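Peer 1: Below is a structure I'd like to ask you about.
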Amino acid sequence: MGEFYLLFDVGGTDVKAALATADGELLHVLREPTARPEPGGDGATAVLEQLSDLADRLGAMSAQSPIGVGLLVCGLVDAEAGVGLYSVNLGWRDVPLRAMAEQRLALPVGFGHDVTCAARAELEFGAGAHVPGGAQNAAVLIIGTGIASALVVDGRMVLSGGYAGELGHALVPGGLACPCGATGCLETLGSAGAIARRYYEATGVSGGAREVFAARAQGDHVAQRIIDEALDALSFTLAQLAASVAPEVVIIGGGLAQAGSPFFDDLQARLAARLSYHRLPQVLPARLGADAGLRGAWLAIRDRMREVS
């Protein structure tokens, strides 16, 4: 019958769950809003109750009994210790999530950060798999409401106890006040959320970043200015990466991965203009889309099963 795994990708907005085969094929994918605790309740307990319910529902859809669980969560994560260090969205701090999940689900749990593991999947199965010779040095940016990222240097994911890769909160010229408390963060200009919000503030027209790009294509000068400022901010941060960790490839996922060739061509050109002798990374759109996190969860439990075998 083969081996099967339960996979969970817990984000600040949604949880995605699936049953997967031993070779990573996703089966019976479910998606629903992330559970929130009752007033005064515990965020970690609410999420684990939701995962237990999803596990039961997936079990009812298949005759297969899983042998392990891949669990990814958002926020600051110490993957090696199995601890959720902090999540402002889900309301936990220093929670032993891997141990709690293993107790609740009675299975080994491979645990990790959602973006870091999604980046691993993108490099192994997605855009990175199409880089000649592979990508030993890479950056993966997930650009949506904010900007999350992961770095690979000499073939190793840079973790630094969960604090590495916070490029969304790197400072850029012209950056604005950020909800994190700093002023000047990249995601105040360069995120899809910032593009949509700034266009609404300037024009009163609501919508997402996709609508702003469409407006630019129709000759809208306000849309052009806001997108130019986003591209300048992103190329500034990527130039800093080129000078510090020298990625061979930069993969962009999230909402801006759908922005199309003009966006990627423009970003590549602006990055090249900022560099001299540095290695110029190739800027590519992500390929795995919404499945990246689940594929990353499969990598997490694959690693965990190798540890316990």
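Each chain of the structure tokens is named A, B, ... in the order shown, its residues numbered from 1; ligands are numbered from 1 in display order.
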Tell me, as a PyMOL selection string, which residues lie within 6 Å of region 286-303 of chain A, counting only C-alpha atoms; anything in the same chain fewer than 4 positions away does not count.
Peer 2: chain A and resi 7+9+69-72+110-111+117-118+121+126-127+251-253
Peer 1: Let's have the selection written as a PDB file, in the first residue's frame, with C-alpha atoms.
Peer 2:
ATOM      1  CA  LEU A   7       0.934  17.603   5.776  1.00  0.00           C
ATOM      2  CA  ASP A   9       0.935  24.456   6.290  1.00  0.00           C
ATOM      3  CA  VAL A  69       3.243  14.484   9.945  1.00  0.00           C
ATOM      4  CA  GLY A  70       4.860  17.469   8.257  1.00  0.00           C
ATOM      5  CA  LEU A  71       3.952  20.683  10.099  1.00  0.00           C
ATOM      6  CA  LEU A  72       4.940  24.186   9.019  1.00  0.00           C
ATOM      7  CA  GLY A 110       8.688  17.045  10.969  1.00  0.00           C
ATOM      8  CA  PHE A 111       8.553  20.714  11.929  1.00  0.00           C
ATOM      9  CA  CYS A 117      10.469  25.009   3.923  1.00  0.00           C
ATOM     10  CA  ALA A 118       8.482  26.384   0.975  1.00  0.00           C
ATOM     11  CA  ALA A 121      10.632  22.961  -2.027  1.00  0.00           C
ATOM     12  CA  GLY A 126      10.232  24.317  -8.616  1.00  0.00           C
ATOM     13  CA  ALA A 127      12.160  27.164 -10.237  1.00  0.00           C
ATOM     14  CA  ILE A 251      13.132  33.289  -6.812  1.00  0.00           C
ATOM     15  CA  ILE A 252      10.042  35.401  -6.198  1.00  0.00           C
ATOM     16  CA  GLY A 253       6.771  33.826  -5.115  1.00  0.00           C
TER      17      GLY A 253
END
Peer 1: Find the residues near Leu167 (chain A): any atom within 9 Å, counting only C-alpha atoms, skip ones fewer than 5 places away on the same chain, and give them as a list in words.
Peer 2: Leu141, Ile147, Ala148, Ser149, Ala150, Cys185, Leu186, Glu187 and Thr237 of chain A
Peer 1: Next, dump the selected residues to file, keeping only N, CA and C atoms, as a short mmCIF file (atom, residue, chain, number, x, y, z; two decimals), in the first residue's frame.
Peer 2:
data_model
loop_
_atom_site.label_atom_id
_atom_site.label_comp_id
_atom_site.auth_asym_id
_atom_site.auth_seq_id
_atom_site.Cartn_x
_atom_site.Cartn_y
_atom_site.Cartn_z
N LEU A 141 12.05 34.91 -2.12
CA LEU A 141 11.20 35.93 -1.51
C LEU A 141 9.75 35.61 -1.81
N ILE A 147 6.59 40.68 3.09
CA ILE A 147 7.66 40.01 2.36
C ILE A 147 8.38 39.08 3.33
N ALA A 148 8.31 37.80 3.05
CA ALA A 148 9.07 36.81 3.81
C ALA A 148 10.13 36.23 2.89
N SER A 149 11.19 35.71 3.47
CA SER A 149 12.28 35.25 2.61
C SER A 149 13.09 34.16 3.28
N ALA A 150 13.88 33.48 2.47
CA ALA A 150 14.80 32.45 2.95
C ALA A 150 16.06 32.52 2.12
N CYS A 185 11.14 49.98 6.26
CA CYS A 185 11.20 48.56 5.89
C CYS A 185 10.84 48.35 4.41
N LEU A 186 11.52 47.40 3.79
CA LEU A 186 11.28 47.08 2.38
C LEU A 186 9.81 46.83 2.09
N GLU A 187 9.12 46.09 2.96
CA GLU A 187 7.75 45.71 2.62
C GLU A 187 6.78 46.88 2.66
N THR A 237 17.48 46.10 -2.18
CA THR A 237 17.70 44.99 -1.25
C THR A 237 18.40 43.83 -1.94
#
Peer 1: Could you give me, as CSV, a per-residue list for region 104-179 of chain A showing, wherever an atom lies at most 12 Å from an atom of region 58-66 of chain A, the closest pair of atoms and their distance in Å to one decimal, using only C-alpha atoms and sorting by chain then residue number from low to high?
Peer 2:
residue,atom,partner,partner_atom,distance
A:Leu105,CA,A:Pro66,CA,10.4
A:Ala106,CA,A:Pro66,CA,10.6
A:Leu107,CA,A:Pro66,CA,8.3
A:Pro108,CA,A:Pro66,CA,10.1
A:Val109,CA,A:Pro66,CA,11.3
Peer 1: For a quick check of understanding, using only C-alpha atoms, which of A:Asp228, A:Asp56, A:Glu124, A:Asp14 has the smallest distance to Arg216 (chain A)?
Peer 2: A:Asp228
Peer 1: Let me make sure I understand: among A:His28, A:Arg304, A:Arg198, A:Arg274, which one has the smallest atom-to-atom distance to Arg98 (chain A) if we use only C-alpha atoms?
Peer 2: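 Closest to Arg98 (chain A), using only C-alpha atoms: A:Arg304.
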Peer 1: Between A:Phe263, A:Tyr200, A:Phe236, A:Tyr5, which one has atoms that come closest to Phe213 (chain A), using only C-alpha atoms?
Peer 2: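 When distances to Phe213 (chain A) are compared using only C-alpha atoms, the smallest one comes from A:Phe263.
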Peer 1: So that I can check the secondary structure, give me every residue of region 2-246 of chain A assigned strand (DSSP E or B) by backbone DSSP, as number ranges by chain.
Peer 2: A: 4-10, 14-21, 26-33, 68-73, 76-78, 83-87, 92-95, 109-113, 138-143, 147-153, 156-157, 171, 177, 183, 185
Peer 1: Write down as a ChimeraX atom specification the residues belonging to region 53-101 of chain A that are assigned helix (DSSP H, G or I) by DSSP computed on the backbone.
Peer 2: /A:53-60,97-101
Peer 1: Got time to write the residues from that selection, C-alpha atoms, as a JSON list (two decimals), in the first residue's frame?
Peer 2:
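Okay, this is what ended up in out-v9.json:
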[["chain", "number", "residue", "atom", "x", "y", "z"],
["A", 53, "ASP", "CA", -9.91, 17.73, 13.13],
["A", 54, "LEU", "CA", -8.31, 18.06, 9.70],
["A", 55, "ALA", "CA", -6.40, 14.82, 10.28],
["A", 56, "ASP", "CA", -9.67, 13.05, 11.07],
["A", 57, "ARG", "CA", -11.33, 14.45, 7.95],
["A", 58, "LEU", "CA", -8.42, 13.46, 5.73],
["A", 59, "GLY", "CA", -8.44, 10.03, 7.30],
["A", 60, "ALA", "CA", -12.12, 9.63, 6.45],
["A", 97, "LEU", "CA", 4.79, 22.95, 18.89],
["A", 98, "ARG", "CA", 6.51, 19.83, 17.57],
["A", 99, "ALA", "CA", 6.23, 18.02, 20.91],
["A", 100, "MET", "CA", 2.62, 19.15, 21.34],
["A", 101, "ALA", "CA", 1.72, 17.97, 17.84]]
Peer 1: Considering only C-alpha atoms, state which residue in the set A:Ala20, A:Val47, A:Leu76, A:Ala217 is at the smallest distance from Tyr163 (chain A).
Peer 2: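 When distances to Tyr163 (chain A) are compared using only C-alpha atoms, the smallest one comes from A:Leu76.
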Peer 1: Could you check which of A:Ala192, A:Leu159, A:Ala246, A:Ala18 is closest to Ala139 (chain A), using only C-alpha atoms?
Peer 2: A:Ala246
Peer 1: Which is closer to Pro96 (chain A) than all the others in A:Ala135, A:Gly84, A:Ala272, A:Glu201, using only C-alpha atoms?
Peer 2: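 Comparing A:Ala135, A:Gly84, A:Ala272, A:Glu201 against Pro96 (chain A), the winner is A:Gly84.
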Peer 1: Which polymer residues have any atom within 10 Å of an atom of Gly155 (chain A), counting only C-alpha atoms, with same-chain residues fewer than 6 positions away left out, as a count of residues only?
Peer 2: 5
Peer 1: So that I can check the surroundings of Leu238 (chain A), please list as a VMD selection string every protein, DNA and RNA residue that reaches within 12 Å of it, counting only C-alpha atoms and ignoring chain neighbours fewer than 3 positions away.
Peer 2: chain A and resid 138 to 141 149 151 167 to 168 170 to 172 186 190 231 to 235 241 to 252 267 to 275 278 to 283
Peer 1: Give me the residues near region 41-46 of chain A as number ranges by chain, where near means some atom within 6 Å (using only C-alpha atoms) and where sequence neighbours in that chain fewer than 2 positions away do not count.
Peer 2: A: 35, 37-39, 48-49, 90-92
Peer 1: For the residues in the current selection, export N, CA and C atoms as an mmCIF file, in the first residue's frame.
Peer 2:
data_model
loop_
_atom_site.group_PDB
_atom_site.id
_atom_site.type_symbol
_atom_site.label_atom_id
_atom_site.label_comp_id
_atom_site.auth_asym_id
_atom_site.auth_seq_id
_atom_site.Cartn_x
_atom_site.Cartn_y
_atom_site.Cartn_z
ATOM 1 N N ALA A 35 -7.558 28.669 12.705
ATOM 2 C CA ALA A 35 -8.345 28.797 13.934
ATOM 3 C C ALA A 35 -7.796 29.910 14.824
ATOM 4 N N PRO A 37 -8.134 31.500 18.857
ATOM 5 C CA PRO A 37 -8.612 31.095 20.188
ATOM 6 C C PRO A 37 -9.769 31.953 20.664
ATOM 7 N N GLU A 38 -10.548 31.417 21.573
ATOM 8 C CA GLU A 38 -11.555 32.215 22.261
ATOM 9 C C GLU A 38 -10.855 33.287 23.097
ATOM 10 N N PRO A 39 -11.554 34.379 23.438
ATOM 11 C CA PRO A 39 -10.929 35.411 24.280
ATOM 12 C C PRO A 39 -10.308 34.792 25.523
ATOM 13 N N LEU A 48 -3.830 23.372 17.194
ATOM 14 C CA LEU A 48 -3.659 21.922 17.279
ATOM 15 C C LEU A 48 -5.004 21.200 17.253
ATOM 16 N N GLU A 49 -6.021 21.783 17.847
ATOM 17 C CA GLU A 49 -7.358 21.194 17.750
ATOM 18 C C GLU A 49 -7.829 21.187 16.304
ATOM 19 N N LEU A 90 -0.974 34.477 15.424
ATOM 20 C CA LEU A 90 -1.593 33.304 16.026
ATOM 21 C C LEU A 90 -1.482 33.283 17.544
ATOM 22 N N GLY A 91 -0.814 34.257 18.107
ATOM 23 C CA GLY A 91 -0.870 34.457 19.549
ATOM 24 C C GLY A 91 -0.097 33.461 20.380
ATOM 25 N N TRP A 92 1.122 33.115 19.951
ATOM 26 C CA TRP A 92 1.938 32.263 20.814
ATOM 27 C C TRP A 92 3.359 32.799 20.909
#
